[in-house]
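Text of the file upload.cif, holding mmCIF, C-alpha atoms:
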data_start
#
loop_
_atom_site.group_PDB
_atom_site.id
_atom_site.type_symbol
_atom_site.label_atom_id
_atom_site.label_comp_id
_atom_site.auth_asym_id
_atom_site.auth_seq_id
_atom_site.Cartn_x
_atom_site.Cartn_y
_atom_site.Cartn_z
ATOM 1 C CA THR A 444 -67.661 -124.731 50.359
ATOM 2 C CA ASP A 445 -69.457 -127.868 49.169
ATOM 3 C CA ALA A 446 -73.230 -128.075 49.552
ATOM 4 C CA GLN A 447 -73.400 -131.806 48.888
ATOM 5 C CA ALA A 448 -70.784 -132.769 51.473
ATOM 6 C CA THR A 449 -72.472 -130.615 54.133
ATOM 7 C CA ARG A 450 -76.078 -131.608 53.399
ATOM 8 C CA LEU A 451 -76.339 -133.241 56.856
ATOM 9 C CA LEU A 452 -75.919 -129.824 58.466
ATOM 10 C CA VAL A 453 -79.077 -128.212 57.063
ATOM 11 C CA PRO A 454 -82.810 -129.037 57.155
ATOM 12 C CA GLN A 455 -83.876 -130.817 54.002
ATOM 13 C CA THR A 456 -86.217 -128.880 51.744
ATOM 14 C CA THR A 457 -87.238 -128.819 48.109
ATOM 15 C CA SER A 458 -86.423 -125.106 47.969
ATOM 16 C CA ARG A 459 -82.928 -124.575 46.637
ATOM 17 C CA SER A 460 -82.884 -121.000 47.937
ATOM 18 C CA LYS A 461 -83.891 -122.024 51.469
ATOM 19 C CA LEU A 462 -81.295 -124.797 51.456
ATOM 20 C CA LEU A 463 -78.498 -122.443 50.452
ATOM 21 C CA THR A 464 -79.678 -119.802 52.923
ATOM 22 C CA SER A 465 -79.457 -122.428 55.680
ATOM 23 C CA HIS A 466 -75.843 -123.095 54.698
ATOM 24 C CA LEU A 467 -75.088 -119.379 54.903
ATOM 25 C CA GLY A 468 -76.662 -119.345 58.361
ATOM 26 C CA ASN A 469 -74.285 -122.104 59.443
ATOM 27 C CA ILE A 470 -71.313 -120.194 58.105
ATOM 28 C CA THR A 471 -72.408 -117.025 59.910
ATOM 29 C CA GLU A 472 -72.701 -119.023 63.120
ATOM 30 C CA LEU A 473 -69.225 -120.479 62.618
ATOM 31 C CA ALA A 474 -67.834 -116.973 62.075
ATOM 32 C CA ASP A 475 -69.157 -116.014 65.525
ATOM 33 C CA GLY A 476 -69.335 -112.286 64.821
ATOM 34 C CA ARG A 477 -66.225 -112.074 62.646
ATOM 35 C CA ASP A 478 -66.117 -110.892 59.042
ATOM 36 C CA VAL A 479 -66.740 -113.518 56.371
ATOM 37 C CA TRP A 480 -64.704 -113.606 53.151
ATOM 38 C CA MET A 481 -65.777 -116.288 50.690
ATOM 39 C CA PRO A 482 -64.059 -117.242 47.412
ATOM 40 C CA THR A 483 -66.114 -116.292 44.352
ATOM 41 C CA PHE A 484 -63.541 -117.340 41.796
ATOM 42 C CA ASN A 485 -64.272 -117.038 38.081
ATOM 43 C CA TYR A 486 -61.646 -118.137 35.546
ATOM 44 C CA ASP A 487 -63.122 -116.521 32.426
ATOM 45 C CA PHE A 488 -60.713 -113.572 32.605
ATOM 46 C CA CYS A 489 -57.842 -115.811 31.473
ATOM 47 C CA ARG A 490 -59.802 -116.535 28.282
ATOM 48 C CA THR A 491 -61.775 -113.350 27.646
ATOM 49 C CA GLY A 492 -59.671 -110.623 29.251
ATOM 50 C CA HIS A 493 -62.749 -109.232 31.022
ATOM 51 C CA PHE A 494 -64.004 -109.396 34.603
ATOM 52 C CA ASP A 495 -67.216 -107.754 35.806
ATOM 53 C CA CYS A 496 -67.196 -107.906 39.592
ATOM 54 C CA LEU A 497 -70.935 -107.226 39.886
ATOM 55 C CA ASN A 498 -72.210 -109.676 37.277
ATOM 56 C CA ASP A 499 -69.700 -112.477 36.695
ATOM 57 C CA LYS A 500 -70.826 -115.588 38.544
ATOM 58 C CA SER A 501 -68.813 -117.544 41.059
ATOM 59 C CA VAL A 502 -67.862 -120.936 39.629
ATOM 60 C CA VAL A 503 -66.746 -122.524 42.910
ATOM 61 C CA GLY A 504 -70.065 -123.905 44.075
ATOM 62 C CA PRO A 505 -73.705 -122.960 44.698
ATOM 63 C CA ILE A 506 -73.105 -121.764 48.281
ATOM 64 C CA SER A 507 -70.491 -119.325 47.032
ATOM 65 C CA GLU A 508 -72.738 -118.009 44.257
ATOM 66 C CA HIS A 509 -75.708 -117.688 46.634
ATOM 67 C CA PHE A 510 -73.541 -115.739 49.065
ATOM 68 C CA ARG A 511 -72.364 -113.456 46.249
ATOM 69 C CA THR A 512 -75.887 -112.615 45.158
ATOM 70 C CA CYS A 513 -77.860 -112.802 48.415
ATOM 71 C CA GLY A 514 -75.543 -112.602 51.398
ATOM 72 C CA SER A 515 -72.547 -110.383 50.671
ATOM 73 C CA ASP A 516 -71.954 -106.641 50.913
ATOM 74 C CA TRP A 517 -69.006 -106.406 48.525
ATOM 75 C CA ARG A 518 -66.803 -108.284 46.067
ATOM 76 C CA THR A 519 -63.103 -107.681 45.472
ATOM 77 C CA ILE A 520 -61.961 -106.602 42.006
ATOM 78 C CA CYS A 521 -59.050 -109.003 41.528
ATOM 79 C CA PRO A 522 -59.558 -111.024 38.330
ATOM 80 C CA VAL A 523 -60.042 -114.782 38.747
ATOM 81 C CA PHE A 524 -59.245 -115.013 42.467
ATOM 82 C CA ASN A 525 -61.817 -112.650 43.924
ATOM 83 C CA PHE A 526 -63.835 -112.787 47.134
ATOM 84 C CA ALA A 527 -67.241 -111.626 48.312
ATOM 85 C CA GLY A 528 -67.894 -110.803 51.913
ATOM 86 C CA VAL A 529 -69.550 -109.087 54.823
ATOM 87 C CA GLY A 530 -67.769 -106.782 57.238
ATOM 88 C CA SER A 531 -64.481 -105.062 56.539
ATOM 89 C CA GLU A 532 -63.518 -105.275 52.859
ATOM 90 C CA PRO A 533 -59.897 -106.196 52.016
ATOM 91 C CA ASP A 534 -57.790 -103.484 50.408
ATOM 92 C CA CYS A 535 -57.415 -103.543 46.623
ATOM 93 C CA ASN A 536 -54.041 -104.905 45.520
ATOM 94 C CA ILE A 537 -53.951 -103.511 41.979
ATOM 95 C CA GLU A 538 -50.800 -101.420 41.588
ATOM 96 C CA ASP A 539 -50.653 -97.983 39.952
ATOM 97 C CA ASP A 540 -49.412 -99.514 36.690
ATOM 98 C CA GLY A 541 -52.341 -101.961 36.649
ATOM 99 C CA LEU A 542 -50.341 -105.017 37.721
ATOM 100 C CA VAL A 543 -52.154 -107.425 39.989
ATOM 101 C CA ASP A 544 -50.789 -110.568 41.596
ATOM 102 C CA PRO A 545 -53.566 -112.538 43.329
ATOM 103 C CA PHE A 546 -51.160 -114.233 45.743
ATOM 104 C CA ASP A 547 -48.526 -111.640 46.687
ATOM 105 C CA GLY A 548 -47.842 -109.911 49.994
ATOM 106 C CA SER A 549 -50.677 -107.409 49.526
ATOM 107 C CA SER A 550 -53.294 -109.890 48.325
ATOM 108 C CA VAL A 551 -56.476 -110.941 50.102
ATOM 109 C CA PHE A 552 -54.641 -114.076 51.234
ATOM 110 C CA ALA A 553 -51.912 -111.956 52.849
ATOM 111 C CA GLN A 554 -54.521 -109.735 54.512
ATOM 112 C CA LEU A 555 -56.312 -112.802 55.866
ATOM 113 C CA VAL A 556 -53.087 -113.771 57.618
ATOM 114 C CA GLU A 557 -52.313 -110.234 58.812
ATOM 115 C CA ARG A 558 -55.792 -109.811 60.315
ATOM 116 C CA GLY A 559 -55.587 -113.066 62.251
ATOM 117 C CA GLY A 560 -58.188 -114.808 60.129
ATOM 118 C CA SER A 561 -59.053 -118.482 59.848
ATOM 119 C CA VAL A 562 -59.703 -120.790 56.933
ATOM 120 C CA VAL A 563 -62.853 -122.909 57.117
ATOM 121 C CA TRP A 564 -63.336 -125.891 54.814
ATOM 122 C CA TYR A 565 -67.118 -126.141 54.763
ATOM 123 C CA GLY A 566 -67.317 -129.563 53.146
ATOM 124 C CA ALA A 567 -64.644 -128.657 50.593
ATOM 125 C CA PRO A 568 -61.688 -131.020 50.120
ATOM 126 C CA PHE A 569 -58.284 -130.003 51.439
ATOM 127 C CA SER A 570 -57.094 -129.949 47.822
ATOM 128 C CA SER A 571 -59.157 -126.777 47.349
ATOM 129 C CA THR A 572 -56.745 -124.826 49.562
ATOM 130 C CA THR A 573 -55.798 -121.919 47.296
ATOM 131 C CA LEU A 574 -53.860 -120.391 50.197
ATOM 132 C CA ILE A 575 -51.043 -122.711 49.152
ATOM 133 C CA HIS A 576 -50.302 -120.418 46.179
ATOM 134 C CA HIS A 577 -49.833 -117.471 48.525
ATOM 135 C CA VAL A 578 -47.183 -119.471 50.385
ATOM 136 C CA GLU A 579 -45.455 -120.329 47.101
ATOM 137 C CA THR A 580 -45.409 -116.655 46.120
ATOM 138 C CA ILE A 581 -44.054 -115.208 49.362
ATOM 139 C CA CYS A 582 -41.357 -117.897 49.397
ATOM 140 C CA GLY A 583 -39.916 -116.534 46.128
ATOM 141 C CA ARG A 584 -42.405 -117.972 43.597
ATOM 142 C CA PRO A 585 -42.504 -121.729 42.842
ATOM 143 C CA VAL A 586 -39.685 -123.127 40.708
ATOM 144 C CA TYR A 587 -42.031 -125.813 39.300
ATOM 145 C CA ARG A 588 -44.551 -123.320 37.870
ATOM 146 C CA TYR A 589 -44.017 -120.383 35.545
ATOM 147 C CA ASP A 590 -45.341 -116.839 35.443
ATOM 148 C CA LYS A 591 -47.840 -115.979 32.752
ATOM 149 C CA ILE A 592 -49.267 -112.546 32.030
ATOM 150 C CA PHE A 593 -52.991 -112.035 31.367
ATOM 151 C CA PRO A 594 -53.949 -108.489 30.288
ATOM 152 C CA GLY A 595 -57.529 -107.305 30.400
ATOM 153 C CA THR A 596 -60.134 -105.044 31.928
ATOM 154 C CA VAL A 597 -61.903 -105.094 35.278
ATOM 155 C CA ARG A 598 -65.323 -103.444 35.471
ATOM 156 C CA CYS A 599 -66.898 -102.558 38.800
ATOM 157 C CA LYS A 600 -69.709 -100.107 39.592
ATOM 158 C CA GLY A 601 -69.527 -98.552 36.153
ATOM 159 C CA THR A 602 -65.768 -98.011 36.189
ATOM 160 C CA ALA A 603 -63.432 -99.929 33.864
ATOM 161 C CA THR A 604 -59.776 -100.423 34.818
ATOM 162 C CA ASP A 605 -57.060 -101.880 32.600
ATOM 163 C CA VAL A 606 -55.087 -104.511 34.473
ATOM 164 C CA THR A 607 -52.356 -107.059 33.924
ATOM 165 C CA MET A 608 -52.614 -110.181 36.044
ATOM 166 C CA ARG A 609 -49.472 -112.153 36.834
ATOM 167 C CA TYR A 610 -50.373 -115.752 37.560
ATOM 168 C CA HIS A 611 -47.988 -118.656 38.134
ATOM 169 C CA VAL A 612 -49.463 -121.531 36.126
ATOM 170 C CA ARG A 613 -48.766 -125.235 36.101
ATOM 171 C CA PRO A 614 -46.967 -126.802 33.123
ATOM 172 C CA SER A 615 -49.561 -128.255 30.786
ATOM 173 C CA GLY A 616 -49.196 -131.692 29.272
ATOM 174 C CA PHE A 617 -47.332 -133.111 32.279
ATOM 175 C CA VAL A 618 -48.275 -135.048 35.382
ATOM 176 C CA PHE A 619 -48.607 -132.310 37.979
ATOM 177 C CA GLU A 620 -50.127 -132.931 41.389
ATOM 178 C CA TYR A 621 -49.570 -131.782 44.939
ATOM 179 C CA ASP A 622 -49.381 -134.480 47.605
ATOM 180 C CA TRP A 623 -52.588 -133.429 49.313
ATOM 181 C CA PRO A 624 -53.032 -136.538 51.517
ATOM 182 C CA ARG A 625 -49.532 -136.087 52.953
ATOM 183 C CA LEU A 626 -49.971 -132.333 53.364
ATOM 184 C CA LEU A 627 -53.254 -132.842 55.232
ATOM 185 C CA ASN A 628 -51.764 -135.510 57.485
ATOM 186 C CA GLU A 629 -48.839 -133.276 58.406
ATOM 187 C CA VAL A 630 -50.867 -130.210 59.354
ATOM 188 C CA THR A 631 -53.298 -132.464 61.243
ATOM 189 C CA ASN A 632 -50.494 -134.117 63.194
ATOM 190 C CA ALA A 633 -49.062 -130.667 63.942
ATOM 191 C CA GLY A 634 -52.391 -129.687 65.519
ATOM 192 C CA ILE A 635 -53.048 -126.912 62.992
ATOM 193 C CA ILE A 636 -56.247 -128.318 61.498
ATOM 194 C CA LYS A 637 -59.194 -128.536 63.879
ATOM 195 C CA SER A 638 -62.137 -130.806 63.069
ATOM 196 C CA ILE A 639 -65.572 -129.270 63.647
ATOM 197 C CA GLU A 640 -67.818 -131.964 62.158
ATOM 198 C CA PRO A 641 -66.000 -134.958 60.625
ATOM 199 C CA ARG A 642 -69.134 -136.393 58.989
ATOM 200 C CA ALA A 643 -69.476 -133.247 56.877
ATOM 201 C CA HIS A 644 -65.773 -132.688 56.205
ATOM 202 C CA LEU A 645 -65.997 -129.473 58.205
ATOM 203 C CA TYR A 646 -62.743 -128.236 59.716
ATOM 204 C CA SER A 647 -60.738 -125.054 60.228
ATOM 205 C CA ALA A 648 -57.250 -123.663 60.765
ATOM 206 C CA GLN A 649 -55.705 -120.344 61.651
ATOM 207 C CA ALA A 650 -54.389 -118.922 58.403
ATOM 208 C CA ARG A 651 -51.149 -117.722 59.996
ATOM 209 C CA SER A 652 -50.417 -121.136 61.485
ATOM 210 C CA ILE A 653 -50.772 -123.054 58.236
ATOM 211 C CA VAL A 654 -48.839 -120.413 56.258
ATOM 212 C CA GLU A 655 -45.927 -120.394 58.714
ATOM 213 C CA PHE A 656 -45.854 -124.200 58.831
ATOM 214 C CA TRP A 657 -45.689 -124.405 55.038
ATOM 215 C CA ARG A 658 -43.178 -121.548 54.751
ATOM 216 C CA HIS A 659 -40.805 -123.447 56.980
ATOM 217 C CA ARG A 660 -41.208 -126.684 55.030
ATOM 218 C CA LEU A 661 -40.824 -124.945 51.680
ATOM 219 C CA SER A 662 -37.646 -123.173 52.822
ATOM 220 C CA GLU A 663 -36.150 -126.582 53.551
ATOM 221 C CA ASP A 664 -37.374 -128.196 50.326
ATOM 222 C CA PRO A 665 -38.576 -126.089 47.355
ATOM 223 C CA LEU A 666 -40.439 -129.155 45.984
ATOM 224 C CA TYR A 667 -42.092 -129.979 49.301
ATOM 225 C CA PHE A 668 -45.671 -129.663 48.035
ATOM 226 C CA LEU A 669 -45.317 -132.058 45.076
ATOM 227 C CA ASP A 670 -46.279 -135.717 44.999
ATOM 228 C CA ARG A 671 -43.622 -138.254 44.014
ATOM 229 C CA PRO A 672 -44.463 -138.728 40.270
ATOM 230 C CA THR A 673 -44.516 -134.955 39.759
ATOM 231 C CA ARG A 674 -41.360 -134.450 41.766
ATOM 232 C CA LEU A 675 -39.392 -136.966 39.709
ATOM 233 C CA TRP A 676 -39.846 -135.246 36.351
ATOM 234 C CA VAL A 677 -39.676 -131.740 37.843
ATOM 235 C CA GLU A 678 -36.320 -132.479 39.467
ATOM 236 C CA ASP A 679 -34.920 -133.757 36.178
ATOM 237 C CA ARG A 680 -36.202 -130.751 34.235
ATOM 238 C CA LEU A 681 -34.955 -128.223 36.769
ATOM 239 C CA GLU A 682 -31.526 -129.837 36.784
ATOM 240 C CA GLU A 683 -31.466 -129.701 32.983
ATOM 241 C CA LEU A 684 -32.507 -126.032 32.889
ATOM 242 C CA GLY A 685 -30.511 -124.842 35.867
ATOM 243 C CA ARG A 686 -33.262 -122.339 36.771
ATOM 244 C CA ARG A 687 -36.930 -121.878 37.529
ATOM 245 C CA PHE A 688 -39.464 -122.822 34.832
ATOM 246 C CA GLU A 689 -40.354 -120.149 32.294
ATOM 247 C CA GLN A 690 -43.261 -119.881 29.888
ATOM 248 C CA ARG A 691 -41.031 -120.517 26.849
ATOM 249 C CA ASP A 692 -40.108 -123.922 28.290
ATOM 250 C CA PHE A 693 -43.662 -125.188 27.822
ATOM 251 C CA GLU A 694 -45.461 -122.892 25.374
ATOM 252 C CA ASP A 695 -44.801 -121.697 21.860
ATOM 253 C CA MET A 696 -44.025 -117.991 22.261
ATOM 254 C CA ARG A 697 -44.230 -117.135 18.554
#
As structure tokens, the full file:
Amino acid sequence: TDAQATRLLVPQTTSRSKLLTSHLGNITELADGRDVWMPTFNYDFCRTGHFDCLNDKSVVGPISEHFRTCGSDWRTICPVFNFAGVGSEPDCNIEDDGLVDPFDGSSVFAQLVERGGSVVWYGAPFSSTTLIHHVETICGRPVYRYDKIFPGTVRCKGTATDVTMRYHVRPSGFVFEYDWPRLLNEVTNAGIIKSIEPRAHLYSAQARSIVEFWRHRLSEDPLYFLDRPTRLWVEDRLEELGRRFEQRDFEDMR
């Protein structure tokens, strides 16, 4: 969501709360009786090792945070990549040993696909499409990122759970970008993205359709998502290593 990009869709008022509530009303109308799952991501866990699902704020925009505090019935307990929502809550994907992978086949992203859900970009740029990391994971994990382990504790409703989050991170210190303009053009030309209100950058897609489209492309070309400058150095490094990137290739492990 992006409140600034969608400001044309709500009555103007000096009340921040009323403005954000109007946005939530629009989103409820778009959902047309279906459940709503909204990202409430918070990246502090990677630094602090702690996530409090009831109190940690969403850092992905004021609409998201307003929904978390005033419009949602629940919030998932996955560190970093968590969601708040109304309706049926996604199943928890923390394994018995405490391992959690926010993008694997049991994640919220996978359940969105399984339940026939849609993705709505409510003013948000296409480059905010975190679903892309689910596709990378179910296709065997991206060769151009590396897995990093973040241990910590999740607290929810008075219960603390020790977890270990596995997160495939981008190499730091290098040019690293996805070719978002090309990716958007391709899914648009394939008829997967549907425009709802072009002036407000409001559009949607069936989650299954975009995932299957990208799965097919990624199976043909493991570097399909990358822009050209990123692809050039990644290809050279992968050829030199003869394998997928690992943490020791980019970070001091001592």
### Query
Hey, what comes out of the PyMOL selection byres ((chain A and resi 548-563) around 6) on this file? Could you write it as a ChimeraX atom specification?
/A:536,545-547,564-565,646-651
### Task
Might you pull out every residue within 9 Å of Asp692 in chain A, with all atoms listed in the file counted and same-chain residues fewer than 4 positions away left off, and present them as a PyMOL selection string?
chain A and resi 589+614+688
Hey, can you spit out that residue selection with C-alpha atoms as a CSV table (one decimal), in the coordinates of the input?
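As written to disk, out_34.csv reads:
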chain,number,residue,atom,x,y,z
A,589,TYR,CA,-44.0,-120.4,35.5
A,614,PRO,CA,-47.0,-126.8,33.1
A,688,PHE,CA,-39.5,-122.8,34.8
### Query
What is the distance between CA of Cys489 in chain A and CA of Arg686 in chain A, in Å to one decimal?
26.0 Å
### Query
If the PyMOL selection byres ((chain A and resi 451) around 12) is run on the structure shown, which residues does it catch, given as number ranges by chain?
A: 445-450, 452-456, 462, 465-466, 469, 565-566, 640-645
### Query
How far is it from CA of Phe668 in chain A to CA of Arg687 in chain A, in Å with one decimal?
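Computing the Euclidean distance for CA of Phe668 in chain A and CA of Arg687 in chain A yields 15.7 Å.
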### Message
I'd like to know which of A:Pro624, A:Pro585, A:Gly528, A:Pro533 is closest to Met481 in chain A, using all atoms listed in the file.
### Response
A:Gly528
#### Entry: Distance of CA of Gly583 in chain A from CA of Glu689 in chain A, expressed in Å to one decimal place
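CA of Glu689 in chain A sits 14.3 Å away from CA of Gly583 in chain A.
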### Task
Between A:Ala603, A:Cys582, A:Met608, A:Leu675, single out the one closest to Gly541 in chain A, counting all atoms listed in the file.
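Distance minimum relative to Gly541 in chain A lands on A:Met608.
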### Which of A:Val578, A:Val529, A:Asp622, A:Ser507 sits closest to Phe656 in chain A [using all atoms listed in the file]
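Looking at the shortest contact to Phe656 in chain A, the residue is A:Val578.
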### Task
Can you give me, as a PyMOL selection string, the residues this file yields under the PyMOL selection byres ((chain A and resi 658) around 12)?
chain A and resi 574-585+651-657+659-668
### Nearest to Cys513 in chain A, chosen from A:Leu463, A:Pro568, A:Ile537, A:Val543, with all atoms listed in the file counted in the distances
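When distances to Cys513 in chain A are compared using all atoms listed in the file, the smallest one comes from A:Leu463.
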#### Entry: Neighbour residues at most 10 Å from (-44.4, -133.8, 43.2) (all atoms listed in the file) as a ChimeraX atom specification
/A:587,618-622,666-678
### Query
For Thr572 in chain A, which of A:Cys599, A:Thr444, A:Arg490, A:Phe693 is the closest residue, counting all atoms listed in the file?
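Checking each of A:Cys599, A:Thr444, A:Arg490, A:Phe693 against Thr572 in chain A, counting all atoms listed in the file, the winner is A:Thr444.
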### Task
With a distance cut-off of 8 Å and only C-alpha atoms, select the neighbouring residues of Ala527 in chain A, excluding the residue or stretch itself and same-chain residues fewer than 3 positions from it, and output the selection as a list of chain:residue names.
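Residues meeting the cut-off are A:Trp480, A:Met481, A:Pro482, A:Thr483, A:Phe510, A:Arg511, A:Ser515, A:Asp516, A:Trp517, A:Arg518, A:Thr519.
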Non-local contacts of Val523 in chain A (12 Å; all atoms listed in the file; under 5 positions in same chain excluded) as a tab-separated table (two decimals) with C-alpha atoms, in the frame of the given file:
chain	number	residue	atom	x	y	z
A	482	PRO	CA	-64.06	-117.24	47.41
A	483	THR	CA	-66.11	-116.29	44.35
A	484	PHE	CA	-63.54	-117.34	41.80
A	485	ASN	CA	-64.27	-117.04	38.08
A	486	TYR	CA	-61.65	-118.14	35.55
A	487	ASP	CA	-63.12	-116.52	32.43
A	488	PHE	CA	-60.71	-113.57	32.60
A	489	CYS	CA	-57.84	-115.81	31.47
A	490	ARG	CA	-59.80	-116.54	28.28
A	491	THR	CA	-61.78	-113.35	27.65
A	492	GLY	CA	-59.67	-110.62	29.25
A	493	HIS	CA	-62.75	-109.23	31.02
A	494	PHE	CA	-64.00	-109.40	34.60
A	495	ASP	CA	-67.22	-107.75	35.81
A	496	CYS	CA	-67.20	-107.91	39.59
A	499	ASP	CA	-69.70	-112.48	36.70
A	500	LYS	CA	-70.83	-115.59	38.54
A	501	SER	CA	-68.81	-117.54	41.06
A	502	VAL	CA	-67.86	-120.94	39.63
A	503	VAL	CA	-66.75	-122.52	42.91
A	518	ARG	CA	-66.80	-108.28	46.07
A	543	VAL	CA	-52.15	-107.42	39.99
A	544	ASP	CA	-50.79	-110.57	41.60
A	545	PRO	CA	-53.57	-112.54	43.33
A	546	PHE	CA	-51.16	-114.23	45.74
A	573	THR	CA	-55.80	-121.92	47.30
A	593	PHE	CA	-52.99	-112.04	31.37
A	595	GLY	CA	-57.53	-107.30	30.40
A	596	THR	CA	-60.13	-105.04	31.93
A	597	VAL	CA	-61.90	-105.09	35.28
A	607	THR	CA	-52.36	-107.06	33.92
A	608	MET	CA	-52.61	-110.18	36.04
A	609	ARG	CA	-49.47	-112.15	36.83
A	610	TYR	CA	-50.37	-115.75	37.56
May I have the centre and edge lengths, in Å to one decimal, of an axis-aligned box around the listed atoms of range 533-539 of chain A with 5 Å added to every side, as JSON?
{"center_x": -55.3, "center_y": -102.1, "center_z": 46.0, "size_x": 19.2, "size_y": 18.2, "size_z": 22.1}
